[in-house]
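As C-alpha cells, the structure follows; a few thoughts come after it.
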Amino acid sequence: MLKVENAIVRYGAIEALHAISFEVNQGEVVALLGANGAGKSTTLRMLSGLHSAWSGSVTFEGVDITNEKAHDMVSRGIGLVPEGRRIFPQMTVEENLEMGAFARSGSFHDEIEEQYAKFPILKERRKQLGANLSGGEQQMLAISRALMGKPRLLLLDEPSMGLAPMIIEQIFEIIGQIREAGTTVFVVEQNATQALQIADRGYVMENGKIVFSDSAKNLLVDPRVRAVYLGESA
Amino acid sequence: MKSLLTNKWLKSFGITATLMVIICFMTGPSGSNTDPVAGFSGSLFNSAPFLGLFITRRWVVFLLFALIAFVVQQGWQAYGRQVKVRYAKVMATPRELKSKRPVRLGTYGALLLLALLLPHLVTDPFWQVAMVQQIAVYVLLALGLNVVVGFAGLLDLGFVAFYAIGAYATAWVVGSLPLPPLFGHALNNFWAIPIAILIAMAAGIILGTPTLRLRGDYLAIVTLGFGEIITLFANNLNGITGGPQGSRIIPHFHLSLGPLKYVWGNGPIPYYYLILGFLILFLVGFSFLEHSRVGRTWTAIREDEVAAESLGINPLKYKVMAFAIGAASAGFSGVMTASQQNFVFPTTFSLFFSINILVLVIFGGLGSIRGVVFGAIVVQTITMYLLHSPPSGYQPADLYMYIGAMLVGMMIFRPAGLLPATRRKREIVQLREEAQ
C-alpha cells in the first residue's frame, strides 16, 4: 500500500534520514520505533508531505507521492494525527470534527455521529472548546478528526506523548479498533512495548537509519530493541 | 516575593501607579512628540489643565486623575468577576441565541436609522466633512484590514498601499493622471469602483503569493516594505502619477441616466450616503464571510497552520484570499477618498496611515466586525475632537501619545478589544481562568 524507497531527507546541509526503505501493507498496523532524535518524526513529516524527500521515492497505492504537498494528502487517502495532537484550541469539539471533513464535499453529519458513537466522551463534550479537554480527550479528538477525512492509511505521530498510562492503553485499544474497521495504520512511537502489542510489524530506527525490522512478536522479546533505546550499539 | 506579586491590592496599586506615570507624562507643561520628557520636568506646583475643564496645580491634577484611574480600575475588576457568567452566555446553544434575534435586529435597525439621520443631527460643517473623510472611510478601511489581521491572523503593516492603489487607479480611470486614461478616454467615477477593486485585488495577489509563505514578524516586515515602495513610486514616477504634486483635479461622482442627472457635488452629505450604502454591503458581505466555510478555514489557519494543512487545507490559497479581499475594500476606500477630495497626493499614504488603521482594528477588537466599526468610530471621533476643539494645553503633536496611552489602557482592561469577537473573548476568559 505504502512503499518508501531509499528516501533521503535533508534539513539544509544536514542529512536527517539516510536512504531509508520500508513498506506498509493493506490492513496492517506497522510501528516505527526508536529513541529521541532517531528520525521517526522526520519520517512522518516526509510521509505527510510537510517536508519533501531530497531523493528517493514514496509510493501510495501505486501512485508516486514523493513531491505531493501536505494539503493534497487527505484527498489521496492519507490522514495524519500530528505530534502533540494540535487541536484547534478555540473551536468546539464539533467544530474541530467539521474541520476534519474539510477535504470532502457533501454532508458529513452522519460521519460526526459515527465518531460520536466511537468516542462517547466527545459527544458529551461536543460544545466544549478544544483547549478545555484533557490530554487523552484531545488525542481522541485528534484521531477522530483525522478519521473524518476517511483515510485509507492513518499516520499517527507519538499518540502516547504526555498521557497517563491508563489513557495510553485506551488510545492503543482505539488504534486496534481503527484497524478492525479497515484502515491501515502507521504509528510512530517511543513507547515500544505498547506499540508492539497492537502492531503486526515494526521497524527500528537509529541515527536516521532503519537498523532492523521484524514481526511485532519477535521485536517484543528482541534484546536489540532495548539496546537501541538505551543507546548501546545494536 | 511571589505572594507580593500576586497580592490583589498591590497589583491594583501597581496598575494605578503605572497609569499615574502615563498621566504625569500627558499633563506636563508641554509634553509632545518633539520633547517627550518635558512632561516630567515641570514642578508639581506648575499649572496644568484638567481634561480641559479648568487649570490648576499639577499635584491636584495628579490626585484627581489617580482617583479616577483607581475607581475605573476597581470597577473593571468587579466587572471581571462576572466574566464567568457571561462565559455561559457565549456557550449558549444555537436555539437560545436565535431567541435573541429580534433584539439584535432591532438594535441594528435603530443604529441604521441613526446613521441615516446623522447628517441632520450633526450640522457643524467641520463634523460633516469629518464624518465622511475621517470616519466613514476609516471604518471601511478598518473592516478590510480586519479580514487580513483579525480573520486570517496575518499582520499587514502596509495596508495603505492598497488604499493608494485604489486612489491612483481612480485618478487613472477618470483621466486625471499624466498617464493616458485606461480606456483611452475618461470614464465616470462609477467605473473606477470595479476597476480600482480589481487592480487592488491583483496587487494583493501579486504581493501575497510569494510573501504569504512567511509567518508572523517576517510577513509584517515585507508588507511594511511594500507600503513604502508604493508611496515612493507615487512620489517619484512623475510621468505616471504626477509625482509630489499629485494628480490633476478628479471629478466628482456623477450620474446621468436619461432624464435622471445627479452630481455628488462639493458637500460631504451626498458622499456620506453613498459610502454608507456601500458600507452596508461590505458589512453584510463580511459577516457572511466570517460564518462561511472560508471564515472557519481562516480561523483554523490562524489557530494552527500545521493542523490545518494536515486536514487538507492549502493555507497559502486562503491567506492570499484574505489579502485580496482586504485589498479590495482598501481599494474601494481609495476610490471614495480620491473622488470626494478631488485630488490624490502621495504624502497621504504614509506608514502612519497603516498604523492608524491597525490601531482602529486592535482597539475595536480583532476579528470582530461590530467591534471594528465601533472602535473606528470612537478613535476617529476622539482624534477629530482633539483637532477641532482641543482642550487647553493640547498640542497636535501629542495626538499619538494619547492614542498610545489609550491602547495601553485597553491592553490592561480589555485585551481583546472594545467589543471582542466571540472566539477571542473565550480565549481571554480561558487565560483568566487558568491564571486563577
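Following the order of the C-alpha cells, chains are lettered A, B, ..., residues in each are numbered from 1, and ligands are numbered from 1.
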
Compile the contact shell of range 133-139 of chain A as a PDB file with N, CA and C atoms, in the first residue's frame: residues with an atom at most 10 Å away, counting only C-alpha atoms, same-chain residues fewer than 4 positions apart removed.
```
ATOM      1  N   VAL A  81      -2.404  12.252  12.173  1.00  0.00           N
ATOM      2  CA  VAL A  81      -2.647  12.753  13.527  1.00  0.00           C
ATOM      3  C   VAL A  81      -1.311  13.333  13.980  1.00  0.00           C
ATOM      4  N   PRO A  82      -1.182  14.660  13.974  1.00  0.00           N
ATOM      5  CA  PRO A  82       0.143  15.242  14.188  1.00  0.00           C
ATOM      6  C   PRO A  82       0.645  15.083  15.610  1.00  0.00           C
ATOM      7  N   GLU A  83       1.949  15.227  15.751  1.00  0.00           N
ATOM      8  CA  GLU A  83       2.579  15.145  17.064  1.00  0.00           C
ATOM      9  C   GLU A  83       2.032  16.266  17.946  1.00  0.00           C
ATOM     10  N   GLY A  84       1.775  15.949  19.193  1.00  0.00           N
ATOM     11  CA  GLY A  84       1.269  16.967  20.123  1.00  0.00           C
ATOM     12  C   GLY A  84      -0.196  17.300  19.874  1.00  0.00           C
ATOM     13  N   ARG A  85      -0.891  16.441  19.115  1.00  0.00           N
ATOM     14  CA  ARG A  85      -2.355  16.489  18.931  1.00  0.00           C
ATOM     15  C   ARG A  85      -2.824  17.664  18.092  1.00  0.00           C
ATOM     16  N   ARG A  86      -2.355  18.858  18.374  1.00  0.00           N
ATOM     17  CA  ARG A  86      -2.686  20.034  17.569  1.00  0.00           C
ATOM     18  C   ARG A  86      -4.180  20.195  17.293  1.00  0.00           C
ATOM     19  N   ILE A  87      -4.940  20.203  18.367  1.00  0.00           N
ATOM     20  CA  ILE A  87      -6.368  20.508  18.299  1.00  0.00           C
ATOM     21  C   ILE A  87      -6.502  22.013  18.071  1.00  0.00           C
ATOM     22  N   PHE A  88      -7.567  22.446  17.376  1.00  0.00           N
ATOM     23  CA  PHE A  88      -7.813  23.891  17.281  1.00  0.00           C
ATOM     24  C   PHE A  88      -8.362  24.340  18.629  1.00  0.00           C
ATOM     25  N   PRO A  89      -7.592  25.105  19.407  1.00  0.00           N
ATOM     26  CA  PRO A  89      -7.972  25.325  20.811  1.00  0.00           C
ATOM     27  C   PRO A  89      -9.244  26.132  20.991  1.00  0.00           C
ATOM     28  N   THR A  92     -14.915  24.439  19.141  1.00  0.00           N
ATOM     29  CA  THR A  92     -15.519  23.396  19.946  1.00  0.00           C
ATOM     30  C   THR A  92     -15.146  22.040  19.359  1.00  0.00           C
ATOM     31  N   VAL A  93     -15.439  20.997  20.125  1.00  0.00           N
ATOM     32  CA  VAL A  93     -15.156  19.640  19.669  1.00  0.00           C
ATOM     33  C   VAL A  93     -15.831  19.406  18.318  1.00  0.00           C
ATOM     34  N   PHE A 119     -16.510   7.474  20.060  1.00  0.00           N
ATOM     35  CA  PHE A 119     -15.941   8.177  21.227  1.00  0.00           C
ATOM     36  C   PHE A 119     -17.058   8.906  21.976  1.00  0.00           C
ATOM     37  N   ILE A 121     -17.296  10.070  24.812  1.00  0.00           N
ATOM     38  CA  ILE A 121     -16.860  11.208  25.626  1.00  0.00           C
ATOM     39  C   ILE A 121     -16.862  12.492  24.798  1.00  0.00           C
ATOM     40  N   LEU A 122     -16.565  12.366  23.488  1.00  0.00           N
ATOM     41  CA  LEU A 122     -16.561  13.549  22.618  1.00  0.00           C
ATOM     42  C   LEU A 122     -17.970  14.094  22.449  1.00  0.00           C
ATOM     43  N   ARG A 125     -18.806  16.163  25.303  1.00  0.00           N
ATOM     44  CA  ARG A 125     -18.060  17.418  25.341  1.00  0.00           C
ATOM     45  C   ARG A 125     -18.222  18.240  24.066  1.00  0.00           C
ATOM     46  N   GLN A 128     -17.788  21.925  24.062  1.00  0.00           N
ATOM     47  CA  GLN A 128     -16.644  22.486  24.791  1.00  0.00           C
ATOM     48  C   GLN A 128     -15.511  22.837  23.845  1.00  0.00           C
ATOM     49  N   LEU A 129     -14.672  23.732  24.270  1.00  0.00           N
ATOM     50  CA  LEU A 129     -13.549  24.136  23.434  1.00  0.00           C
ATOM     51  C   LEU A 129     -12.438  23.103  23.499  1.00  0.00           C
ATOM     52  N   ILE A 143      -7.561  12.051  16.736  1.00  0.00           N
ATOM     53  CA  ILE A 143      -7.707  10.836  15.924  1.00  0.00           C
ATOM     54  C   ILE A 143      -9.022  10.869  15.155  1.00  0.00           C
ATOM     55  N   SER A 144     -10.100  11.223  15.844  1.00  0.00           N
ATOM     56  CA  SER A 144     -11.387  11.171  15.137  1.00  0.00           C
ATOM     57  C   SER A 144     -11.480  12.303  14.118  1.00  0.00           C
ATOM     58  N   ARG A 145     -10.776  13.415  14.374  1.00  0.00           N
ATOM     59  CA  ARG A 145     -10.750  14.490  13.380  1.00  0.00           C
ATOM     60  C   ARG A 145     -10.066  13.997  12.105  1.00  0.00           C
ATOM     61  N   PRO A 159       1.271   8.982  19.546  1.00  0.00           N
ATOM     62  CA  PRO A 159      -0.039   9.169  20.188  1.00  0.00           C
ATOM     63  C   PRO A 159      -0.004   9.084  21.708  1.00  0.00           C
ATOM     64  N   SER A 160       1.047   8.510  22.281  1.00  0.00           N
ATOM     65  CA  SER A 160       1.059   8.345  23.739  1.00  0.00           C
ATOM     66  C   SER A 160       1.725   9.512  24.442  1.00  0.00           C
ATOM     67  N   MET A 161       2.221  10.495  23.647  1.00  0.00           N
ATOM     68  CA  MET A 161       3.025  11.552  24.259  1.00  0.00           C
ATOM     69  C   MET A 161       2.265  12.301  25.354  1.00  0.00           C
ATOM     70  N   GLY A 162       2.852  12.367  26.530  1.00  0.00           N
ATOM     71  CA  GLY A 162       2.297  13.169  27.616  1.00  0.00           C
ATOM     72  C   GLY A 162       1.010  12.652  28.210  1.00  0.00           C
ATOM     73  N   LEU A 163       0.687  11.383  28.010  1.00  0.00           N
ATOM     74  CA  LEU A 163      -0.567  10.863  28.554  1.00  0.00           C
ATOM     75  C   LEU A 163      -0.311   9.883  29.696  1.00  0.00           C
ATOM     76  N   ALA A 164      -1.302   9.762  30.572  1.00  0.00           N
ATOM     77  CA  ALA A 164      -1.195   8.832  31.695  1.00  0.00           C
ATOM     78  C   ALA A 164      -1.257   7.398  31.175  1.00  0.00           C
ATOM     79  N   MET A 166      -2.879   4.779  31.899  1.00  0.00           N
ATOM     80  CA  MET A 166      -4.199   4.202  31.655  1.00  0.00           C
ATOM     81  C   MET A 166      -4.796   4.714  30.355  1.00  0.00           C
ATOM     82  N   ILE A 167      -4.578   6.018  30.110  1.00  0.00           N
ATOM     83  CA  ILE A 167      -5.109   6.630  28.890  1.00  0.00           C
ATOM     84  C   ILE A 167      -4.379   6.072  27.672  1.00  0.00           C
ATOM     85  N   ILE A 168      -3.061   5.858  27.841  1.00  0.00           N
ATOM     86  CA  ILE A 168      -2.285   5.306  26.722  1.00  0.00           C
ATOM     87  C   ILE A 168      -2.870   3.978  26.290  1.00  0.00           C
ATOM     88  N   GLN A 170      -5.860   2.975  26.592  1.00  0.00           N
ATOM     89  CA  GLN A 170      -7.134   3.237  25.927  1.00  0.00           C
ATOM     90  C   GLN A 170      -6.910   3.681  24.474  1.00  0.00           C
ATOM     91  N   ILE A 171      -5.922   4.562  24.292  1.00  0.00           N
ATOM     92  CA  ILE A 171      -5.640   5.069  22.946  1.00  0.00           C
ATOM     93  C   ILE A 171      -5.211   3.926  22.034  1.00  0.00           C
TER      94      ILE A 171
END
```

_Residues of chain A within 9 Å of chain B, only C-alpha atoms counted, as a PyMOL selection string_ = chain A and resi 48-50+69-75+79-82+85-91+95-96+99-103+127-129+131-132+145-146+149

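Taking CA of Gln197 in chain A and CA of Met1 in chain A as the two end points, the separation is 22.1 Å.
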
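Interatomic distance, CA of Glu68 in chain A against CA of Asn6 in chain A: 17.1 Å.
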
_Computed interatomic separation between CA of Ile78 in chain A and CA of Asp64 in chain A (Å)_ = 13.3 Å

Report as CSV the residues of range 87-206 of chain A within 7 Å of range 212-221 of chain A, each with its shortest atom pair and distance in Å (one decimal), using only C-alpha atoms, ordered by chain and increasing residue number.
```
residue,atom,partner,partner_atom,distance
A:Thr193,CA,A:Leu220,CA,6.6
A:Leu196,CA,A:Ala216,CA,5.2
A:Ala199,CA,A:Ala216,CA,5.9
A:Asp200,CA,A:Ala216,CA,5.3
A:Arg201,CA,A:Ser215,CA,4.2
A:Gly202,CA,A:Ala216,CA,5.6
A:Tyr203,CA,A:Ser213,CA,4.4
A:Val204,CA,A:Phe212,CA,5.6
```

Go ahead and write the residues just picked, N, CA and C atoms, as a PDB file, in the first residue's frame.
```pdb
ATOM      1  N   THR A 193       6.834  -0.991  23.940  1.00  0.00           N
ATOM      2  CA  THR A 193       6.056  -2.130  24.426  1.00  0.00           C
ATOM      3  C   THR A 193       4.591  -1.994  24.040  1.00  0.00           C
ATOM      4  N   LEU A 196       4.082  -2.259  20.186  1.00  0.00           N
ATOM      5  CA  LEU A 196       4.276  -3.600  19.619  1.00  0.00           C
ATOM      6  C   LEU A 196       3.140  -4.550  19.979  1.00  0.00           C
ATOM      7  N   ALA A 199       0.759  -3.840  17.146  1.00  0.00           N
ATOM      8  CA  ALA A 199       1.289  -3.808  15.783  1.00  0.00           C
ATOM      9  C   ALA A 199       1.468  -5.214  15.233  1.00  0.00           C
ATOM     10  N   ASP A 200       1.499  -5.290  13.874  1.00  0.00           N
ATOM     11  CA  ASP A 200       1.822  -6.558  13.238  1.00  0.00           C
ATOM     12  C   ASP A 200       3.328  -6.652  13.041  1.00  0.00           C
ATOM     13  N   ARG A 201       3.881  -5.510  12.585  1.00  0.00           N
ATOM     14  CA  ARG A 201       5.317  -5.497  12.318  1.00  0.00           C
ATOM     15  C   ARG A 201       5.902  -4.216  12.878  1.00  0.00           C
ATOM     16  N   GLY A 202       7.224  -4.192  13.018  1.00  0.00           N
ATOM     17  CA  GLY A 202       7.856  -2.973  13.500  1.00  0.00           C
ATOM     18  C   GLY A 202       9.177  -2.733  12.802  1.00  0.00           C
ATOM     19  N   TYR A 203       9.511  -1.441  12.630  1.00  0.00           N
ATOM     20  CA  TYR A 203      10.823  -1.040  12.125  1.00  0.00           C
ATOM     21  C   TYR A 203      11.503  -0.287  13.263  1.00  0.00           C
ATOM     22  N   VAL A 204      12.802  -0.495  13.418  1.00  0.00           N
ATOM     23  CA  VAL A 204      13.504   0.199  14.489  1.00  0.00           C
ATOM     24  C   VAL A 204      14.520   1.154  13.867  1.00  0.00           C
TER      25      VAL A 204
END
```

*Those of range 259-411 of chain B in DSSP helix (DSSP H, G or I), formatted as a ChimeraX atom specification*: /B:268-291,293-303,305-310,315-341,346-348,351-364,369-388,396-411

*asked:* Taking the DSSP secondary structure from the backbone, can you list the residues of range 5-118 of chain A that are strand (DSSP E), as an MDAnalysis selection string?
replied: chainID A and resid 5:11 14:24 29:34 55:60 63:64 78:81

*Residues at most 8 Å from Leu143 in chain B, counting only C-alpha atoms, excluding those fewer than 3 positions away in the same chain, as number ranges by chain?*
B: 139-140, 146-147, 283, 326, 329, 361, 369, 372-373

_Would you pick out the contacts of Phe345 in chain B at 10 Å or less, using only C-alpha atoms, so that residues sharing its chain but fewer than 6 positions from it are not included, and give the list as a ChimeraX atom specification?_
/B:164,167-168,231,234-235,241-248,338

For the selection just defined, write its residues with all heavy atoms to a file, as a CSV table (one decimal), in the first residue's frame.
```csv
chain,number,residue,atom,x,y,z
B,164,ALA,N,-3.7,53.4,-1.5
B,164,ALA,CA,-3.1,54.3,-2.5
B,164,ALA,C,-3.4,53.8,-3.9
B,164,ALA,O,-3.7,54.5,-4.8
B,164,ALA,CB,-1.6,54.3,-2.3
B,167,ALA,N,-6.8,54.7,-4.9
B,167,ALA,CA,-7.0,56.2,-5.2
B,167,ALA,C,-6.3,56.5,-6.5
B,167,ALA,O,-6.9,57.2,-7.4
B,167,ALA,CB,-6.3,57.0,-4.1
B,168,TYR,N,-5.1,56.0,-6.8
B,168,TYR,CA,-4.4,56.3,-8.1
B,168,TYR,C,-5.2,55.6,-9.2
B,168,TYR,O,-5.2,56.2,-10.3
B,168,TYR,CB,-3.0,55.9,-8.0
B,168,TYR,CG,-2.1,57.0,-7.4
B,168,TYR,CD1,-1.7,57.0,-6.1
B,168,TYR,CD2,-1.7,58.1,-8.2
B,168,TYR,CE1,-1.0,58.0,-5.6
B,168,TYR,CE2,-1.0,59.1,-7.7
B,168,TYR,CZ,-0.6,59.1,-6.4
B,168,TYR,OH,0.1,60.1,-5.8
B,231,THR,N,4.4,54.1,-1.9
B,231,THR,CA,4.5,55.5,-1.6
B,231,THR,C,5.6,56.2,-2.4
B,231,THR,O,5.4,57.2,-3.0
B,231,THR,CB,4.7,55.8,-0.1
B,231,THR,OG1,3.8,54.9,0.6
B,231,THR,CG2,4.4,57.2,0.2
B,234,ALA,N,4.7,56.4,-6.0
B,234,ALA,CA,3.7,57.5,-6.2
B,234,ALA,C,4.4,58.9,-6.2
B,234,ALA,O,4.1,59.8,-7.0
B,234,ALA,CB,2.6,57.5,-5.2
B,235,ASN,N,5.4,59.0,-5.4
B,235,ASN,CA,6.1,60.2,-5.2
B,235,ASN,C,7.1,60.5,-6.4
B,235,ASN,O,7.3,61.6,-6.7
B,235,ASN,CB,6.9,60.2,-3.9
B,235,ASN,CG,7.0,61.6,-3.3
B,235,ASN,OD1,6.4,62.6,-3.8
B,235,ASN,ND2,7.8,61.7,-2.2
B,241,THR,N,2.4,59.2,-12.1
B,241,THR,CA,1.5,59.6,-11.0
B,241,THR,C,1.4,61.1,-10.8
B,241,THR,O,0.6,61.5,-10.0
B,241,THR,CB,2.0,58.9,-9.7
B,241,THR,OG1,3.3,59.5,-9.4
B,241,THR,CG2,2.1,57.4,-9.8
B,242,GLY,N,2.2,61.8,-11.5
B,242,GLY,CA,2.3,63.2,-11.3
B,242,GLY,C,3.2,63.6,-10.2
B,242,GLY,O,3.3,64.8,-9.8
B,243,GLY,N,3.9,62.7,-9.6
B,243,GLY,CA,4.9,62.9,-8.6
B,243,GLY,C,4.4,63.6,-7.4
B,243,GLY,O,3.2,63.5,-7.0
B,244,PRO,N,5.3,64.4,-6.7
B,244,PRO,CA,4.9,65.0,-5.5
B,244,PRO,C,3.7,66.0,-5.6
B,244,PRO,O,3.0,66.3,-4.6
B,244,PRO,CB,6.1,65.8,-5.0
B,244,PRO,CG,7.1,65.6,-6.0
B,244,PRO,CD,6.6,64.7,-7.1
B,245,GLN,N,3.4,66.5,-6.8
B,245,GLN,CA,2.3,67.5,-6.9
B,245,GLN,C,1.0,66.7,-6.9
B,245,GLN,O,-0.1,67.3,-6.8
B,245,GLN,CB,2.4,68.2,-8.3
B,245,GLN,CG,3.2,69.4,-8.2
B,245,GLN,CD,4.6,69.1,-8.8
B,245,GLN,OE1,4.7,68.5,-9.8
B,245,GLN,NE2,5.7,69.6,-8.1
B,246,GLY,N,1.0,65.4,-7.1
B,246,GLY,CA,-0.2,64.7,-7.1
B,246,GLY,C,-0.9,64.7,-8.4
B,246,GLY,O,-0.4,65.2,-9.4
B,247,SER,N,-2.2,64.3,-8.4
B,247,SER,CA,-2.9,64.2,-9.6
B,247,SER,C,-3.5,65.6,-10.0
B,247,SER,O,-3.5,66.5,-9.2
B,247,SER,CB,-4.1,63.2,-9.5
B,247,SER,OG,-5.0,63.8,-8.6
B,248,ARG,N,-4.1,65.6,-11.2
B,248,ARG,CA,-4.9,66.8,-11.6
B,248,ARG,C,-6.3,66.6,-10.9
B,248,ARG,O,-6.5,65.6,-10.3
B,248,ARG,CB,-5.1,66.8,-13.1
B,248,ARG,CG,-3.8,67.2,-13.8
B,248,ARG,CD,-4.1,67.7,-15.3
B,248,ARG,NE,-4.6,66.5,-16.1
B,248,ARG,CZ,-3.7,65.7,-16.8
B,248,ARG,NH1,-2.4,65.9,-16.7
B,248,ARG,NH2,-4.2,64.8,-17.5
B,338,ALA,N,-10.5,59.6,-3.2
B,338,ALA,CA,-10.0,60.4,-4.3
B,338,ALA,C,-11.1,61.2,-4.9
B,338,ALA,O,-10.9,62.4,-5.3
B,338,ALA,CB,-9.4,59.4,-5.4
```
